[in-house]
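Structure first, commentary second.
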Amino acid sequence: MTHFFCRWLMHALGGSRKPDVVCHEARPPWAIEESQYLSLCTRCGECFKACPNRLLKPASQSEYEGTAIAGTPVLDLACGQCSYCGSCARACPTGALDLQWGRQVQTRVQIEASCQARQGFYCLLCEDACPQLAIKATADGVSVNMAACDGCGACGLACFHGAITLIPQL
């Protein structure tokens, strides 16, 4: 209830304007709409501490310096996969991460041309790693069922050839 009031108040005070710079990184699971997220996130760090896989980090690219994006949590799947346990959202005191109103899936899989299966080689690494069974490697290449994919990052970690990119859903 408190976060609902905060959203209303921020909107009423004009806090829901679009940022001058767009964040090009994935937000944590259950992040609410970007302008509200930026209005509510206090950069307290509670979500960083709560993530059991340590996948959250502060947005620190130089393009974010001096903007509302600087220091806000972003999802980094380079060294781990997200289990969507909800710890980050439960730890968020402001409602910027919300299990009911936020969006769980923040990334989408993109298979690059360097994919071994797409080049005709036998490779099932990404298919075997996918907990949602969203990836199928066939003689014709690799297909991803985007409706089943939850963007957890397991496939990207499994690919030795760097052929899988996780694209932030903006």
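Just so we're on the same page: first chain in the structure tokens is A, next is B, and so on; residues restart at 1 for each chain, and ligands are numbered from 1 in the order they show up.
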Write out as a Markdown table a residue-level contact list of segment 54-112 of chain A versus segment 30-42 of chain A with cut-off 6 Å: for each qualifying residue the closest pair of atoms and the distance in Å to one decimal, counting only C-alpha atoms, rows sorted by chain and residue number upward.
```
| residue | atom | partner | partner_atom | distance |
| --- | --- | --- | --- | --- |
| A:Thr94 | CA | A:Leu40 | CA | 5.9 |
| A:Ala96 | CA | A:Tyr37 | CA | 4.8 |
| A:Leu97 | CA | A:Ala31 | CA | 4.4 |
| A:Asp98 | CA | A:Trp30 | CA | 5.3 |
| A:Leu99 | CA | A:Trp30 | CA | 5.6 |
| A:Gly102 | CA | A:Trp30 | CA | 4.0 |
| A:Arg103 | CA | A:Trp30 | CA | 4.5 |
| A:Gln104 | CA | A:Trp30 | CA | 4.5 |
```
For the residues in that selection, give me C-alpha atoms as a CSV table (one decimal), in the first residue's frame.
```csv
chain,number,residue,atom,x,y,z
A,94,THR,CA,10.3,1.8,-1.8
A,96,ALA,CA,10.8,0.3,-7.2
A,97,LEU,CA,11.0,-3.5,-7.3
A,98,ASP,CA,7.5,-5.0,-6.9
A,99,LEU,CA,6.5,-8.7,-7.1
A,102,GLY,CA,6.9,-5.1,-11.8
A,103,ARG,CA,8.1,-7.0,-14.8
A,104,GLN,CA,9.9,-10.3,-14.1
```
When you look at Ala134 of chain A with a cut-off of 9 Å (counting only C-alpha atoms), what residues show up, excluding the ones that are within fewer than 3 positions of it in the same chain? I need them as a PyMOL selection string. chain A and resi 127+130-131+143-150
Given the selection you just returned, output its residues as a file containing C-alpha atoms, formatted as a short mmCIF file (atom, residue, chain, number, x, y, z; two decimals), in the first residue's frame.
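Writing done, so here's selection-v9.cif:
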```
data_model
loop_
_atom_site.label_atom_id
_atom_site.label_comp_id
_atom_site.auth_asym_id
_atom_site.auth_seq_id
_atom_site.Cartn_x
_atom_site.Cartn_y
_atom_site.Cartn_z
CA GLU A 127 19.65 -26.27 -25.01
CA CYS A 130 17.98 -23.85 -20.38
CA PRO A 131 15.80 -24.56 -17.31
CA SER A 143 15.42 -21.64 -32.20
CA VAL A 144 14.25 -19.86 -29.08
CA ASN A 145 10.68 -19.99 -27.84
CA MET A 146 10.45 -16.43 -26.52
CA ALA A 147 7.15 -17.19 -24.76
CA ALA A 148 8.91 -19.84 -22.64
CA CYS A 149 12.22 -17.97 -22.18
CA ASP A 150 12.47 -16.13 -18.87
#
```
Counting only C-alpha atoms, what is within 7 Å of segment 66-80 of chain A, bar same-chain residues fewer than 3 positions away, as a count of residues only? 17
One decimal, in Å: what's the spacing between atom CA of Val142 of chain A and atom CA of Gly162 of chain A?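 These two atoms are separated by 14.3 Å.
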Taking the backbone alone, and naming residues the way the document does, which bits of chain A are alpha helix (DSSP H) by DSSP, as a VMD selection string? chain A and resid 2 to 12 34 to 40 46 to 50 87 to 91 125 to 129 154 to 158
Can you tell me how far atom CA of Thr165 of chain A sits from atom CA of Gln110 of chain A, in Å to one decimal?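 Separating atom CA of Thr165 of chain A from atom CA of Gln110 of chain A is a distance of 5.2 Å.
Taking atom CA of Ala163 of chain A as the reference point, atom CA of Gln61 of chain A is found at 24.1 Å.
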Among chain A, which residues does DSSP mark as strand (DSSP E) when it is run on the backbone? Keep the chain and numbering as in the structure and answer as an NGL selection string. :A and (56-58 or 73-75 or 107-111 or 135-138 or 141-144 or 164-168)
Mind dumping the selected residues with N, CA, C and O atoms as a CSV table (one decimal), in the first residue's frame?
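Contents of selection_8.csv, freshly written:
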```
chain,number,residue,atom,x,y,z
A,56,LEU,N,23.2,-8.1,-9.0
A,56,LEU,CA,22.8,-6.7,-9.1
A,56,LEU,C,24.0,-5.8,-8.8
A,56,LEU,O,24.8,-6.1,-7.9
A,57,LYS,N,24.2,-4.8,-9.6
A,57,LYS,CA,25.3,-3.8,-9.4
A,57,LYS,C,24.7,-2.4,-9.7
A,57,LYS,O,23.7,-2.3,-10.4
A,58,PRO,N,25.4,-1.4,-9.2
A,58,PRO,CA,24.9,0.0,-9.5
A,58,PRO,C,25.3,0.4,-11.0
A,58,PRO,O,26.3,0.0,-11.5
A,73,PRO,N,20.1,0.2,-9.5
A,73,PRO,CA,20.4,-1.2,-9.7
A,73,PRO,C,20.2,-1.6,-11.1
A,73,PRO,O,19.2,-1.3,-11.7
A,74,VAL,N,21.2,-2.4,-11.7
A,74,VAL,CA,21.0,-3.1,-13.0
A,74,VAL,C,21.4,-4.5,-12.8
A,74,VAL,O,22.1,-4.9,-11.9
A,75,LEU,N,20.9,-5.4,-13.7
A,75,LEU,CA,21.1,-6.8,-13.6
A,75,LEU,C,22.3,-7.2,-14.5
A,75,LEU,O,22.4,-6.8,-15.7
A,107,THR,N,15.4,-9.4,-19.8
A,107,THR,CA,16.3,-9.6,-20.9
A,107,THR,C,15.7,-10.6,-21.9
A,107,THR,O,14.8,-11.4,-21.5
A,108,ARG,N,16.2,-10.6,-23.1
A,108,ARG,CA,15.8,-11.5,-24.2
A,108,ARG,C,17.0,-12.1,-24.8
A,108,ARG,O,18.0,-11.4,-25.0
A,109,VAL,N,16.9,-13.4,-25.2
A,109,VAL,CA,18.1,-14.1,-25.8
A,109,VAL,C,18.2,-13.7,-27.3
A,109,VAL,O,17.2,-13.6,-28.0
A,110,GLN,N,19.4,-13.5,-27.7
A,110,GLN,CA,19.7,-13.3,-29.1
A,110,GLN,C,20.9,-14.2,-29.5
A,110,GLN,O,21.9,-14.2,-28.8
A,111,ILE,N,20.6,-15.1,-30.5
A,111,ILE,CA,21.6,-16.0,-30.9
A,111,ILE,C,22.4,-15.4,-32.1
A,111,ILE,O,21.8,-15.0,-33.1
A,135,ILE,N,15.0,-23.4,-25.6
A,135,ILE,CA,15.9,-23.4,-26.7
A,135,ILE,C,16.0,-24.8,-27.3
A,135,ILE,O,16.1,-25.8,-26.6
A,136,LYS,N,15.9,-24.9,-28.6
A,136,LYS,CA,16.0,-26.1,-29.3
A,136,LYS,C,17.1,-26.0,-30.4
A,136,LYS,O,17.0,-25.1,-31.3
A,137,ALA,N,18.1,-26.9,-30.4
A,137,ALA,CA,19.1,-27.0,-31.4
A,137,ALA,C,18.7,-28.1,-32.3
A,137,ALA,O,18.5,-29.3,-31.9
A,138,THR,N,18.7,-27.8,-33.6
A,138,THR,CA,18.3,-28.8,-34.6
A,138,THR,C,19.4,-28.7,-35.7
A,138,THR,O,20.3,-27.9,-35.7
A,141,GLY,N,19.8,-25.3,-37.1
A,141,GLY,CA,20.2,-24.2,-36.3
A,141,GLY,C,19.6,-24.2,-34.9
A,141,GLY,O,19.1,-25.3,-34.4
A,142,VAL,N,19.4,-23.1,-34.3
A,142,VAL,CA,18.9,-22.9,-33.0
A,142,VAL,C,17.7,-22.1,-33.0
A,142,VAL,O,17.6,-21.0,-33.7
A,143,SER,N,16.6,-22.5,-32.3
A,143,SER,CA,15.4,-21.6,-32.2
A,143,SER,C,15.1,-21.4,-30.7
A,143,SER,O,15.4,-22.2,-29.9
A,144,VAL,N,14.6,-20.2,-30.5
A,144,VAL,CA,14.3,-19.9,-29.1
A,144,VAL,C,12.8,-19.6,-29.0
A,144,VAL,O,12.2,-18.8,-29.8
A,164,ILE,N,25.7,-16.2,-27.6
A,164,ILE,CA,24.5,-15.8,-27.0
A,164,ILE,C,24.6,-14.5,-26.3
A,164,ILE,O,25.5,-14.3,-25.4
A,165,THR,N,23.8,-13.6,-26.7
A,165,THR,CA,23.8,-12.2,-26.0
A,165,THR,C,22.4,-12.1,-25.4
A,165,THR,O,21.4,-12.4,-25.9
A,166,LEU,N,22.4,-11.5,-24.2
A,166,LEU,CA,21.2,-11.2,-23.5
A,166,LEU,C,20.9,-9.7,-23.7
A,166,LEU,O,21.6,-8.9,-23.2
A,167,ILE,N,19.8,-9.4,-24.4
A,167,ILE,CA,19.5,-8.1,-24.8
A,167,ILE,C,18.5,-7.5,-23.7
A,167,ILE,O,17.5,-8.1,-23.5
A,168,PRO,N,18.8,-6.4,-23.1
A,168,PRO,CA,17.8,-5.8,-22.2
A,168,PRO,C,16.5,-5.5,-22.8
A,168,PRO,O,16.5,-5.0,-24.0
```
